[in-house]
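Undergrad: Have a peek at protein-v4.cif (mmCIF, C-alpha atoms).
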data_protein
loop_
_atom_site.label_atom_id
_atom_site.label_comp_id
_atom_site.auth_asym_id
_atom_site.auth_seq_id
_atom_site.Cartn_x
_atom_site.Cartn_y
_atom_site.Cartn_z
CA MET A 25 -6.35 -43.17 19.58
CA SER A 26 -6.66 -46.85 20.45
CA LYS A 27 -5.89 -48.10 23.93
CA THR A 28 -2.96 -50.07 22.54
CA THR A 29 -1.41 -46.93 21.07
CA ALA A 30 -2.09 -44.91 24.21
CA ASP A 31 -0.34 -47.53 26.31
CA LEU A 32 2.87 -47.00 24.34
CA LEU A 33 3.12 -43.28 25.12
CA PRO A 34 5.21 -41.94 28.02
CA CYS A 35 3.74 -39.85 30.81
CA GLY A 36 3.15 -36.23 29.82
CA ASP A 37 5.73 -35.10 32.39
CA PRO A 38 8.85 -37.00 33.45
CA VAL A 39 8.15 -39.41 36.30
CA GLN A 40 9.38 -37.94 39.56
CA PHE A 41 9.20 -39.11 43.17
CA LEU A 42 11.57 -36.63 44.82
CA ASN A 43 11.68 -32.96 43.92
CA GLU A 44 14.89 -30.93 43.76
CA GLN A 45 14.68 -30.27 47.50
CA GLY A 46 14.57 -33.99 48.28
CA GLU A 47 10.89 -33.94 49.26
CA LEU A 48 8.61 -36.85 48.40
CA THR A 49 6.08 -35.40 45.94
CA GLY A 50 5.37 -38.25 43.51
CA PRO A 51 4.86 -40.36 41.61
CA GLY A 52 1.58 -38.66 40.65
CA GLU A 53 -1.63 -40.26 39.44
CA GLU A 54 -0.49 -41.03 35.89
CA ALA A 55 2.77 -42.66 36.98
CA GLU A 56 1.10 -44.49 39.86
CA ALA A 57 -1.47 -45.94 37.47
CA ARG A 58 1.41 -47.43 35.48
CA GLY A 59 2.64 -49.32 38.51
CA TYR A 60 5.77 -47.34 39.34
CA LEU A 61 6.43 -48.12 42.99
CA MET A 62 8.49 -46.07 45.44
CA PRO A 63 11.62 -48.12 46.29
CA SER A 64 12.31 -49.00 49.90
CA ASP A 65 14.66 -46.90 52.01
CA GLU A 66 17.01 -49.88 52.09
CA ASP A 67 17.24 -49.99 48.30
CA LEU A 68 17.62 -46.21 48.03
CA LEU A 69 20.36 -46.24 50.65
CA ALA A 70 22.24 -48.78 48.50
CA VAL A 71 21.84 -46.49 45.48
CA TRP A 72 23.01 -43.44 47.44
CA ARG A 73 26.03 -45.34 48.77
CA GLN A 74 27.07 -46.43 45.28
CA MET A 75 26.53 -42.95 43.85
CA VAL A 76 28.91 -41.51 46.46
CA ILE A 77 31.54 -44.13 45.66
CA GLY A 78 30.89 -43.76 41.94
CA ARG A 79 31.35 -40.01 41.99
CA ARG A 80 34.60 -40.36 43.90
CA PHE A 81 35.74 -42.87 41.30
CA ASP A 82 34.76 -40.42 38.55
CA ALA A 83 36.72 -37.59 40.16
CA GLN A 84 39.77 -39.83 40.57
CA ALA A 85 39.59 -40.97 36.95
CA THR A 86 39.40 -37.34 35.84
CA ALA A 87 42.50 -36.58 37.90
CA LEU A 88 44.32 -39.53 36.31
CA THR A 89 43.96 -37.91 32.88
CA LYS A 90 45.76 -34.83 34.15
CA GLN A 91 48.54 -37.07 35.46
CA GLY A 92 48.93 -38.79 32.09
CA ARG A 93 47.67 -42.12 33.40
CA LEU A 94 44.61 -42.10 31.12
CA ALA A 95 44.53 -41.07 27.49
CA VAL A 96 40.99 -39.73 27.79
CA TYR A 97 38.11 -39.85 30.25
CA PRO A 98 34.45 -38.92 29.68
CA SER A 99 33.04 -37.89 33.05
CA SER A 100 29.48 -38.77 34.04
CA ARG A 101 29.28 -36.40 37.02
CA GLY A 102 25.72 -35.13 37.27
CA GLN A 103 24.37 -38.28 35.63
CA ASP A 104 25.07 -40.34 38.76
CA ALA A 105 21.50 -41.55 39.28
CA CYS A 106 21.32 -42.72 35.65
CA GLN A 107 24.65 -44.51 36.02
CA VAL A 108 23.91 -46.32 39.26
CA ALA A 109 20.19 -47.01 39.72
CA PRO A 110 19.55 -48.93 36.46
CA VAL A 111 22.60 -51.15 36.98
CA LEU A 112 21.61 -51.99 40.55
CA ALA A 113 18.20 -53.02 39.21
CA LEU A 114 19.78 -55.71 37.03
CA GLN A 115 19.93 -59.40 37.89
CA GLU A 116 23.24 -61.23 37.60
CA HIS A 117 22.10 -63.12 34.49
CA ASP A 118 20.99 -59.94 32.69
CA TRP A 119 23.28 -58.36 30.10
CA PHE A 120 24.53 -54.77 30.13
CA PHE A 121 25.63 -52.78 27.05
CA PRO A 122 27.49 -49.59 28.05
CA THR A 123 28.82 -46.61 26.11
CA TYR A 124 32.22 -44.96 26.52
CA ARG A 125 30.74 -42.62 29.19
CA ASP A 126 29.48 -45.37 31.47
CA SER A 127 32.55 -46.23 33.54
CA MET A 128 30.68 -45.31 36.73
CA ALA A 129 27.95 -47.77 35.77
CA LEU A 130 30.52 -50.51 35.18
CA VAL A 131 32.13 -50.17 38.60
CA SER A 132 28.63 -50.05 40.10
CA ARG A 133 28.03 -53.44 38.46
CA GLY A 134 31.01 -54.72 40.42
CA LEU A 135 33.71 -54.71 37.75
CA ASP A 136 37.32 -54.04 38.69
CA PRO A 137 37.92 -50.27 38.21
CA VAL A 138 41.38 -50.79 36.73
CA GLU A 139 39.93 -53.23 34.18
CA VAL A 140 37.18 -50.70 33.43
CA LEU A 141 39.75 -47.97 32.71
CA THR A 142 41.98 -50.20 30.58
CA LEU A 143 40.25 -49.12 27.35
CA LEU A 144 40.57 -45.43 28.24
CA ARG A 145 44.18 -45.99 29.19
CA GLY A 146 44.82 -47.34 25.71
CA SER A 147 46.53 -50.58 26.76
CA TRP A 148 43.92 -53.11 25.58
CA HIS A 149 40.64 -53.33 23.65
CA CYS A 150 38.65 -54.18 26.78
CA GLY A 151 40.04 -54.79 30.24
CA TYR A 152 37.33 -57.10 31.58
CA ASP A 153 35.88 -60.40 30.38
CA PRO A 154 32.50 -59.59 28.77
CA VAL A 155 31.17 -63.15 28.99
CA ALA A 156 32.16 -63.68 32.63
CA ASN A 157 30.50 -60.39 33.61
CA ASN A 158 27.52 -60.43 31.22
CA THR A 159 28.73 -56.98 30.22
CA ALA A 160 29.63 -55.95 26.70
CA PRO A 161 32.74 -53.83 26.00
CA GLN A 162 32.25 -50.09 26.24
CA CYS A 163 31.03 -48.87 22.87
CA THR A 164 32.68 -45.80 21.33
CA PRO A 165 30.89 -45.68 17.92
CA LEU A 166 27.52 -44.06 18.52
CA ALA A 167 24.52 -46.39 18.79
CA THR A 168 26.13 -49.59 17.52
CA GLN A 169 25.40 -51.14 20.92
CA ALA A 170 21.68 -50.66 20.21
CA VAL A 171 21.90 -53.40 17.59
CA HIS A 172 24.08 -55.61 19.79
CA ALA A 173 21.59 -55.35 22.67
CA ALA A 174 18.65 -56.21 20.42
CA GLY A 175 20.42 -59.35 19.25
CA ALA A 176 21.48 -60.30 22.77
CA GLY A 177 17.95 -59.88 24.07
CA HIS A 178 16.60 -61.99 21.22
CA GLY A 179 19.22 -64.62 21.97
CA LEU A 180 18.29 -64.73 25.65
CA ALA A 181 14.65 -65.29 24.76
CA ARG A 182 15.48 -68.04 22.26
CA ARG A 183 17.42 -69.86 24.96
CA GLY A 184 14.46 -69.77 27.29
CA SER A 185 16.10 -67.38 29.72
CA ASP A 186 14.16 -64.66 31.52
CA GLY A 187 17.21 -62.42 31.29
CA VAL A 188 17.07 -58.90 29.88
CA ALA A 189 19.57 -56.83 27.88
CA LEU A 190 19.94 -53.29 29.21
CA CYS A 191 21.39 -50.85 26.69
CA PHE A 192 22.64 -47.41 27.68
CA ILE A 193 22.56 -44.80 24.94
CA GLY A 194 23.12 -41.05 24.70
CA ASP A 195 20.73 -38.47 23.27
CA GLY A 196 23.05 -37.87 20.31
CA ALA A 197 23.01 -41.56 19.44
CA THR A 198 19.24 -41.47 18.92
CA SER A 199 19.97 -39.63 15.67
CA GLU A 200 21.99 -42.56 14.34
CA GLY A 201 20.74 -45.25 11.98
CA ASP A 202 21.78 -48.03 14.35
CA PHE A 203 19.33 -46.66 16.92
CA HIS A 204 16.51 -47.20 14.42
CA GLU A 205 17.76 -50.64 13.44
CA GLY A 206 18.18 -51.79 17.04
CA LEU A 207 14.75 -50.65 18.19
CA ASN A 208 13.03 -51.91 15.07
CA PHE A 209 14.61 -55.37 15.38
CA ALA A 210 13.88 -55.56 19.11
CA ALA A 211 10.24 -54.63 18.52
CA VAL A 212 9.64 -56.99 15.58
CA PHE A 213 11.20 -59.95 17.40
CA ASN A 214 9.78 -58.98 20.82
CA ALA A 215 13.27 -59.00 22.29
CA PRO A 216 13.59 -58.46 26.05
CA THR A 217 15.74 -55.36 25.65
CA VAL A 218 15.52 -52.13 27.64
CA TYR A 219 16.95 -48.99 26.01
CA PHE A 220 17.95 -46.37 28.58
CA VAL A 221 18.60 -42.98 26.96
CA GLN A 222 20.62 -40.59 29.11
CA ASN A 223 19.48 -37.27 27.68
CA ASN A 224 22.17 -34.95 29.02
CA LYS A 225 21.14 -32.22 26.56
CA TYR A 226 24.27 -32.25 24.37
CA ALA A 227 25.77 -34.57 21.74
CA ILE A 228 29.27 -33.28 22.42
CA SER A 229 28.47 -29.66 21.46
CA VAL A 230 25.19 -30.15 19.56
CA PRO A 231 22.18 -29.16 21.68
CA LEU A 232 19.08 -31.34 21.73
CA ALA A 233 17.02 -28.74 19.84
CA LYS A 234 19.21 -29.32 16.77
CA GLN A 235 18.64 -33.07 16.89
CA THR A 236 14.93 -33.63 17.26
CA LYS A 237 11.51 -31.97 17.10
CA ALA A 238 9.85 -34.71 19.16
CA PRO A 239 8.21 -33.57 22.43
CA SER A 240 10.80 -35.78 24.11
CA LEU A 241 13.01 -38.63 22.95
CA ALA A 242 10.73 -41.10 24.72
CA TYR A 243 8.08 -40.41 22.07
CA LYS A 244 10.31 -42.06 19.49
CA GLY A 245 9.30 -45.44 20.89
CA ILE A 246 5.75 -45.28 19.55
CA GLY A 247 7.05 -45.39 15.97
CA TYR A 248 8.40 -48.87 16.65
CA GLY A 249 5.51 -50.10 18.76
CA ILE A 250 7.66 -49.97 21.89
CA ARG A 251 6.37 -49.08 25.35
CA SER A 252 8.15 -45.90 26.44
CA GLU A 253 8.61 -43.66 29.45
CA GLN A 254 10.39 -40.47 30.46
CA VAL A 255 11.81 -39.92 33.93
CA ASP A 256 13.59 -37.26 35.93
CA GLY A 257 17.10 -38.63 35.56
CA ASN A 258 18.36 -36.77 38.63
CA ASP A 259 15.77 -38.43 40.87
CA ALA A 260 17.34 -41.76 41.78
CA ALA A 261 14.11 -43.06 43.30
CA ALA A 262 12.18 -42.47 40.07
CA VAL A 263 14.98 -43.87 37.91
CA LEU A 264 15.09 -47.05 39.97
CA ALA A 265 11.30 -47.44 39.95
CA VAL A 266 10.89 -46.93 36.21
CA THR A 267 13.86 -49.13 35.32
CA ARG A 268 12.54 -51.94 37.50
CA ALA A 269 9.17 -51.70 35.79
CA ALA A 270 10.84 -51.72 32.36
CA LEU A 271 12.97 -54.76 33.21
CA GLU A 272 9.90 -56.62 34.49
CA HIS A 273 8.00 -55.67 31.32
CA ALA A 274 10.79 -57.08 29.12
CA SER A 275 11.46 -60.13 31.28
CA SER A 276 7.79 -61.14 31.26
CA GLY A 277 7.75 -61.45 27.48
CA SER A 278 6.04 -58.13 26.78
CA GLY A 279 8.84 -56.93 24.51
CA PRO A 280 11.33 -54.05 24.58
CA PHE A 281 11.01 -50.82 26.57
CA LEU A 282 12.44 -47.34 25.94
CA ILE A 283 13.31 -45.01 28.81
CA GLU A 284 14.40 -41.41 28.42
CA ALA A 285 16.10 -39.99 31.52
CA HIS A 286 16.34 -36.19 31.63
CA THR A 287 19.71 -35.37 33.18
CA TYR A 288 22.78 -33.21 32.62
CA ARG A 289 26.51 -33.65 32.08
CA LEU A 290 28.21 -31.21 34.48
CA GLU A 291 31.71 -31.72 33.13
CA ALA A 292 32.97 -31.27 29.58
CA HIS A 293 32.36 -34.01 27.01
CA THR A 294 35.85 -35.35 27.79
CA ASN A 295 39.01 -33.89 29.24
CA ALA A 296 39.89 -32.82 25.66
CA ASP A 297 36.73 -30.73 25.27
CA ASP A 298 36.15 -27.03 26.01
CA ALA A 299 32.49 -26.92 27.04
CA THR A 300 32.53 -23.13 27.50
CA ARG A 301 32.41 -22.79 23.71
CA TYR A 302 28.85 -24.08 23.51
CA ARG A 303 27.17 -23.59 26.91
CA GLY A 304 27.16 -20.92 29.58
CA SER A 305 28.25 -21.14 33.20
CA GLU A 306 24.75 -20.10 34.32
CA GLU A 307 23.29 -23.23 32.75
CA VAL A 308 25.82 -25.46 34.49
CA ALA A 309 25.24 -23.69 37.80
CA GLU A 310 21.48 -24.18 37.52
CA TRP A 311 21.84 -27.91 36.89
CA SER A 312 24.31 -28.19 39.77
CA THR A 313 21.44 -27.38 42.13
CA ARG A 314 19.67 -30.54 40.91
CA ASP A 315 22.42 -32.84 42.16
CA PRO A 316 21.04 -36.40 42.37
CA ILE A 317 23.26 -37.35 45.31
CA ALA A 318 22.28 -34.35 47.42
CA ARG A 319 18.60 -34.84 46.58
CA LEU A 320 18.54 -38.46 47.70
CA ARG A 321 20.66 -37.71 50.75
CA THR A 322 18.16 -35.11 51.95
CA TYR A 323 15.31 -37.58 51.61
CA LEU A 324 17.14 -40.42 53.39
CA VAL A 325 18.25 -38.17 56.23
CA GLY A 326 14.62 -37.12 56.62
CA THR A 327 13.41 -40.72 56.90
CA GLY A 328 16.19 -41.61 59.32
CA ALA A 329 17.64 -44.22 56.98
CA LEU A 330 20.87 -42.25 56.54
CA THR A 331 22.63 -41.56 59.82
CA PRO A 332 25.87 -39.63 60.44
CA GLU A 333 27.58 -42.93 61.19
CA ILE A 334 26.55 -44.44 57.87
CA GLU A 335 27.54 -41.30 56.00
CA GLU A 336 30.97 -41.33 57.62
CA GLU A 337 31.44 -45.00 56.73
CA VAL A 338 30.44 -44.43 53.08
CA THR A 339 32.72 -41.40 52.74
CA ALA A 340 35.63 -43.42 54.12
CA ALA A 341 34.83 -46.30 51.77
CA ALA A 342 34.80 -43.92 48.80
CA GLU A 343 38.18 -42.46 49.74
CA SER A 344 39.65 -45.93 50.22
CA TYR A 345 38.29 -46.96 46.81
CA ALA A 346 39.89 -43.93 45.15
CA ALA A 347 43.21 -44.46 46.94
CA SER A 348 43.38 -48.08 45.82
CA LEU A 349 42.58 -47.09 42.25
CA ARG A 350 45.20 -44.35 42.29
CA GLU A 351 47.86 -46.71 43.63
CA ARG A 352 47.10 -49.44 41.09
CA MET A 353 46.91 -47.03 38.16
CA ASN A 354 50.33 -45.63 39.05
CA LEU A 355 51.84 -48.99 38.15
CA GLU A 356 53.00 -49.27 34.57
CA PRO A 357 50.73 -51.57 32.55
CA GLU A 358 52.09 -54.72 30.98
CA VAL A 359 51.80 -54.27 27.23
CA ALA A 360 52.13 -56.82 24.44
CA PRO A 361 52.46 -54.97 21.10
CA LEU A 362 51.86 -58.09 19.03
CA SER A 363 48.46 -58.52 20.67
CA LEU A 364 47.39 -55.67 18.38
CA PHE A 365 46.96 -58.29 15.67
CA GLU A 366 44.91 -60.72 17.76
CA HIS A 367 41.12 -60.93 17.58
CA VAL A 368 41.04 -59.24 14.17
CA TYR A 369 40.32 -62.24 11.94
CA ALA A 370 39.86 -65.92 12.80
CA GLN A 371 42.42 -66.61 10.07
CA PRO A 372 44.88 -63.71 9.71
CA THR A 373 45.07 -62.23 6.24
CA PRO A 374 48.42 -62.00 4.39
CA GLN A 375 48.45 -58.25 4.99
CA LEU A 376 47.88 -58.70 8.72
CA ARG A 377 50.65 -61.30 8.96
CA GLU A 378 52.99 -58.95 7.09
CA GLN A 379 52.22 -56.11 9.47
CA ALA A 380 52.76 -58.38 12.48
CA ASP A 381 56.12 -59.48 11.09
CA LEU A 382 57.19 -55.84 10.72
CA VAL A 383 56.29 -55.06 14.35
CA ARG A 384 58.01 -58.26 15.51
CA ALA A 385 61.17 -57.27 13.67
CA GLU A 386 61.13 -53.78 15.19
CA LEU A 387 60.73 -55.24 18.69
CA GLU A 388 63.60 -57.66 18.15
CA GLU A 389 65.79 -54.84 16.89
CA ALA A 390 64.93 -52.66 19.87
CA GLN A 391 65.80 -55.49 22.28
CA ALA A 392 69.06 -56.35 20.57
#
What do you get writing this file as C-alpha cells?
TA:
Amino acid sequence: MSKTTADLLPCGDPVQFLNEQGELTGPGEEAEARGYLMPSDEDLLAVWRQMVIGRRFDAQATALTKQGRLAVYPSSRGQDACQVAPVLALQEHDWFFPTYRDSMALVSRGLDPVEVLTLLRGSWHCGYDPVANNTAPQCTPLATQAVHAAGAGHGLARRGSDGVALCFIGDGATSEGDFHEGLNFAAVFNAPTVYFVQNNKYAISVPLAKQTKAPSLAYKGIGYGIRSEQVDGNDAAAVLAVTRAALEHASSGSGPFLIEAHTYRLEAHTNADDATRYRGSEEVAEWSTRDPIARLRTYLVGTGALTPEIEEEVTAAAESYAASLRERMNLEPEVAPLSLFEHVYAQPTPQLREQADLVRAELEEAQA
C-alpha cells in the first residue's frame, strides 16, 4: 500500500478524546499523529452550552407536533454533539448543507428557530434566507445535498475564497447515487467540501448491516481518493477536533474530506414512526448511557470550567429559549396560497398559470 493510499484511510478505531464516563483518555497515538488537537475548555464550554439549548429546542419542537403546531418533526436527540460541534467549527463565510433532521444544527448556527421550523410546519418552502445565512434549505430527498455541496465548494474555490462547504448526510443516504456523484465530483475537482455522515445506525427502519459491508462508512472515501476519518459521534471534543482538521484540510486546497460520526438516534425517525417495530428498548437504553451532553459536562466539571453558576445560567437560557419559541409558534402563520406557484419556473408554463387561476378563483369565491 502506497503512502498516498494509506493517508486516505481513517483510523482503525473511531477517534475519541473522552470516554463514556467523561474521562480524558485520547486521542491516542494514531489520531495524535494526524494532528487532531484537544479543544480548549473555553471552546468545549461553548459546545456544551449550545447542546443544552439545542436539546431543549428539540424537546420543545417535539412537543409542538403533539399540539398540532408542526406537521412533522425528526428529532436529533442523542446526536447532539454531531449537530452542534461541526456547526460551531464553521466560519461565517462557509456554507452549510443540512438534511431534514438538522434543525438543532440550524439554530446552533444562529438561525431564527421559528424560521427553521417553517418547513416542518408546512407554511413555506424554507423559512430562512439561504444566501443571507450561507445555509442551504433543509434537504428532504436523500443525498441530493451531497451534489449541491460539491458544486458550492467548487464555486467557492473558483471565486478565490477560502470558504468550505459542510454537508451533513445520514448513513442511509450513503446508499444513494447522489452520494457517489457528489463525492466523485468533489474529489475530481478538488472541491473544498466536507461530508459529515451522522451514522445513527438506522435508515428509518433499515439497520446499517443491511446497507453496507464496509468496515465503516468512512472507508468509502478511499474509492474516491478522499481523505477520510471516523469519530466517536457522542464525544463532542473529538467531533470538534476532527471537524476542525477536516475544514482546515479543505480550506487549504487539499480537497474534500469525509467524516463518519458513530452516534445514535434516541427518538423515533419522526413523530409518525413507531421505532419499537425495528429496535429493542435495551438497545436504546444502552445508548442513553452514552449521552454526549452528560459526558462533556462531567469532563468540564472536573476541569473546573463548568461551575454551578454557569450551569444554572445555561439552564435558564434554555428554558427562556423554549418559552419564546412556544409563544411564537402558537401564533397562526400568515399564509399566501398563491405563493405555491412562485419559484417553480422563471416563466410560468400554461399549465401552472391555469392552476394558479383556479386557486385564485376559489379564494375569491371563499372571500365573497
Undergrad: Starting from the shown file, work through the PyMOL selection byres ((chain A and resi 258) around 7) and note down what comes out as a PyMOL selection string.
TA: chain A and resi 103+105+256-257+259-260+287+314-316
Undergrad: Any chance you could work out the residue set of the PyMOL selection byres ((chain A and resi 107-119) around 8) here, as a PDB file with C-alpha atoms, keeping the file's coordinate frame?
TA:
ATOM      1  CA  VAL A  71      21.840 -46.490  45.480  1.00  0.00           C
ATOM      2  CA  GLN A  74      27.070 -46.430  45.280  1.00  0.00           C
ATOM      3  CA  MET A  75      26.530 -42.950  43.850  1.00  0.00           C
ATOM      4  CA  GLY A  78      30.890 -43.760  41.940  1.00  0.00           C
ATOM      5  CA  SER A 100      29.480 -38.770  34.040  1.00  0.00           C
ATOM      6  CA  GLN A 103      24.370 -38.280  35.630  1.00  0.00           C
ATOM      7  CA  ASP A 104      25.070 -40.340  38.760  1.00  0.00           C
ATOM      8  CA  ALA A 105      21.500 -41.550  39.280  1.00  0.00           C
ATOM      9  CA  CYS A 106      21.320 -42.720  35.650  1.00  0.00           C
ATOM     10  CA  PHE A 120      24.530 -54.770  30.130  1.00  0.00           C
ATOM     11  CA  PHE A 121      25.630 -52.780  27.050  1.00  0.00           C
ATOM     12  CA  ASP A 126      29.480 -45.370  31.470  1.00  0.00           C
ATOM     13  CA  MET A 128      30.680 -45.310  36.730  1.00  0.00           C
ATOM     14  CA  ALA A 129      27.950 -47.770  35.770  1.00  0.00           C
ATOM     15  CA  SER A 132      28.630 -50.050  40.100  1.00  0.00           C
ATOM     16  CA  ARG A 133      28.030 -53.440  38.460  1.00  0.00           C
ATOM     17  CA  ASN A 158      27.520 -60.430  31.220  1.00  0.00           C
ATOM     18  CA  THR A 159      28.730 -56.980  30.220  1.00  0.00           C
ATOM     19  CA  ALA A 160      29.630 -55.950  26.700  1.00  0.00           C
ATOM     20  CA  ALA A 176      21.480 -60.300  22.770  1.00  0.00           C
ATOM     21  CA  GLY A 187      17.210 -62.420  31.290  1.00  0.00           C
ATOM     22  CA  VAL A 188      17.070 -58.900  29.880  1.00  0.00           C
ATOM     23  CA  ALA A 189      19.570 -56.830  27.880  1.00  0.00           C
ATOM     24  CA  LEU A 190      19.940 -53.290  29.210  1.00  0.00           C
ATOM     25  CA  ALA A 260      17.340 -41.760  41.780  1.00  0.00           C
ATOM     26  CA  VAL A 263      14.980 -43.870  37.910  1.00  0.00           C
ATOM     27  CA  LEU A 264      15.090 -47.050  39.970  1.00  0.00           C
ATOM     28  CA  THR A 267      13.860 -49.130  35.320  1.00  0.00           C
ATOM     29  CA  ARG A 268      12.540 -51.940  37.500  1.00  0.00           C
ATOM     30  CA  LEU A 271      12.970 -54.760  33.210  1.00  0.00           C
TER      31      LEU A 271
END
Undergrad: Can you translate the PyMOL selection byres ((chain A and resi 62) around 7) into the concrete residues it hits in this file, as a ChimeraX atom specification?
TA: /A:60-61,63-64,261,265
Undergrad: Taking (19.1, -44.6, 14.6) in the file's own coordinates, collect the residues within 12 Å, counting only C-alpha atoms, and hand them back as an mmCIF file with C-alpha atoms, in the frame of the given file.
TA:
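What ended up in result.cif:
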data_model
loop_
_atom_site.group_PDB
_atom_site.id
_atom_site.type_symbol
_atom_site.label_atom_id
_atom_site.label_comp_id
_atom_site.auth_asym_id
_atom_site.auth_seq_id
_atom_site.Cartn_x
_atom_site.Cartn_y
_atom_site.Cartn_z
ATOM 1 C CA LEU A 166 27.520 -44.060 18.520
ATOM 2 C CA ALA A 167 24.520 -46.390 18.790
ATOM 3 C CA THR A 168 26.130 -49.590 17.520
ATOM 4 C CA GLN A 169 25.400 -51.140 20.920
ATOM 5 C CA ALA A 170 21.680 -50.660 20.210
ATOM 6 C CA VAL A 171 21.900 -53.400 17.590
ATOM 7 C CA ILE A 193 22.560 -44.800 24.940
ATOM 8 C CA GLY A 194 23.120 -41.050 24.700
ATOM 9 C CA ASP A 195 20.730 -38.470 23.270
ATOM 10 C CA GLY A 196 23.050 -37.870 20.310
ATOM 11 C CA ALA A 197 23.010 -41.560 19.440
ATOM 12 C CA THR A 198 19.240 -41.470 18.920
ATOM 13 C CA SER A 199 19.970 -39.630 15.670
ATOM 14 C CA GLU A 200 21.990 -42.560 14.340
ATOM 15 C CA GLY A 201 20.740 -45.250 11.980
ATOM 16 C CA ASP A 202 21.780 -48.030 14.350
ATOM 17 C CA PHE A 203 19.330 -46.660 16.920
ATOM 18 C CA HIS A 204 16.510 -47.200 14.420
ATOM 19 C CA GLU A 205 17.760 -50.640 13.440
ATOM 20 C CA GLY A 206 18.180 -51.790 17.040
ATOM 21 C CA LEU A 207 14.750 -50.650 18.190
ATOM 22 C CA ASN A 208 13.030 -51.910 15.070
ATOM 23 C CA PHE A 209 14.610 -55.370 15.380
ATOM 24 C CA GLN A 235 18.640 -33.070 16.890
ATOM 25 C CA LEU A 241 13.010 -38.630 22.950
ATOM 26 C CA LYS A 244 10.310 -42.060 19.490
ATOM 27 C CA GLY A 245 9.300 -45.440 20.890
ATOM 28 C CA TYR A 248 8.400 -48.870 16.650
#
Undergrad: Just to confirm, what's the straight-line distance from CA of Glu333 (chain A) to CA of Phe41 (chain A) in Å (one decimal)?
TA: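 Between these atoms lies a distance of 26.0 Å.
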Undergrad: Identify the residues within 10 Å of coordinate (11.6, -59.7, 20.7) (same frame as the file), considering all atoms listed in the file, and give the answer as an mmCIF file with C-alpha atoms, in the coordinates of the input.
TA:
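Output below, filename selection29.cif:
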data_model
loop_
_atom_site.group_PDB
_atom_site.id
_atom_site.type_symbol
_atom_site.label_atom_id
_atom_site.label_comp_id
_atom_site.auth_asym_id
_atom_site.auth_seq_id
_atom_site.Cartn_x
_atom_site.Cartn_y
_atom_site.Cartn_z
ATOM 1 C CA ALA A 174 18.650 -56.210 20.420
ATOM 2 C CA GLY A 175 20.420 -59.350 19.250
ATOM 3 C CA GLY A 177 17.950 -59.880 24.070
ATOM 4 C CA HIS A 178 16.600 -61.990 21.220
ATOM 5 C CA GLY A 179 19.220 -64.620 21.970
ATOM 6 C CA LEU A 180 18.290 -64.730 25.650
ATOM 7 C CA ALA A 181 14.650 -65.290 24.760
ATOM 8 C CA ARG A 182 15.480 -68.040 22.260
ATOM 9 C CA LEU A 207 14.750 -50.650 18.190
ATOM 10 C CA ASN A 208 13.030 -51.910 15.070
ATOM 11 C CA PHE A 209 14.610 -55.370 15.380
ATOM 12 C CA ALA A 210 13.880 -55.560 19.110
ATOM 13 C CA ALA A 211 10.240 -54.630 18.520
ATOM 14 C CA VAL A 212 9.640 -56.990 15.580
ATOM 15 C CA PHE A 213 11.200 -59.950 17.400
ATOM 16 C CA ASN A 214 9.780 -58.980 20.820
ATOM 17 C CA ALA A 215 13.270 -59.000 22.290
ATOM 18 C CA PRO A 216 13.590 -58.460 26.050
ATOM 19 C CA THR A 217 15.740 -55.360 25.650
ATOM 20 C CA ALA A 274 10.790 -57.080 29.120
ATOM 21 C CA GLY A 277 7.750 -61.450 27.480
ATOM 22 C CA SER A 278 6.040 -58.130 26.780
ATOM 23 C CA GLY A 279 8.840 -56.930 24.510
ATOM 24 C CA PRO A 280 11.330 -54.050 24.580
#
Undergrad: Between CA of Ser127 (chain A) and CA of Leu94 (chain A), measure the distance and give it in Å to one decimal.
TA: 13.0 Å
Undergrad: For Pro357 (chain A), find every residue with an atom within 9 Å (counting all atoms listed in the file), except residues of its own chain fewer than 3 positions away, and show them as JSON, numbers by chain.
TA: {"A": [147, 353, 354]}
Undergrad: Can you work out which one of A:Asn224, A:Ser229, A:Val218, A:Gly102 has the shortest atom-to-atom distance to Asp298 (chain A), counting only C-alpha atoms?
TA: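 Going through A:Asn224, A:Ser229, A:Val218, A:Gly102 one by one, the smallest distance to Asp298 (chain A) is for A:Ser229.
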Undergrad: For Arg80 (chain A), list every protein, DNA or RNA residue within 9 Å, evaluated using only C-alpha atoms, and leave out those in the same chain fewer than 5 positions away; present the list as a list in words.
TA: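 Returned residues: Met75, Ala85, Ala342, Glu343, Tyr345 and Ala346 of chain A.
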Undergrad: Got time to write the residues from that selection, C-alpha atoms, as a CSV table (one decimal), keeping the file's coordinate frame?
TA:
chain,number,residue,atom,x,y,z
A,75,MET,CA,26.5,-43.0,43.8
A,85,ALA,CA,39.6,-41.0,37.0
A,342,ALA,CA,34.8,-43.9,48.8
A,343,GLU,CA,38.2,-42.5,49.7
A,345,TYR,CA,38.3,-47.0,46.8
A,346,ALA,CA,39.9,-43.9,45.2
Undergrad: Find the residue from A:Ala285, A:Leu364, A:Ala329, A:Val230 that sits nearest to Pro34 (chain A); use only C-alpha atoms when measuring.
TA: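 Closest candidate: A:Ala285.
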Undergrad: Select, from A:Glu47, A:Glu54, A:Glu66, A:Asp82, the residue with the minimum atom-to-atom distance to Glu253 (chain A), counting only C-alpha atoms.
TA: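 Of the candidates, the smallest distance to Glu253 (chain A) is held by A:Glu54.
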Undergrad: To test the calculation: enclose all listed atoms of region 236-240 of chain A in a box whose edges run along x, y and z, add 3 Å on each side, then state centre and edge lengths in Å to one decimal, as JSON.
TA:
{"center_x": 11.6, "center_y": -33.9, "center_z": 20.6, "size_x": 12.7, "size_y": 9.8, "size_z": 13.0}
Undergrad: To one decimal place, how far is CA of Ala70 (chain A) from CA of Phe281 (chain A) in Å?
TA: 24.7 Å
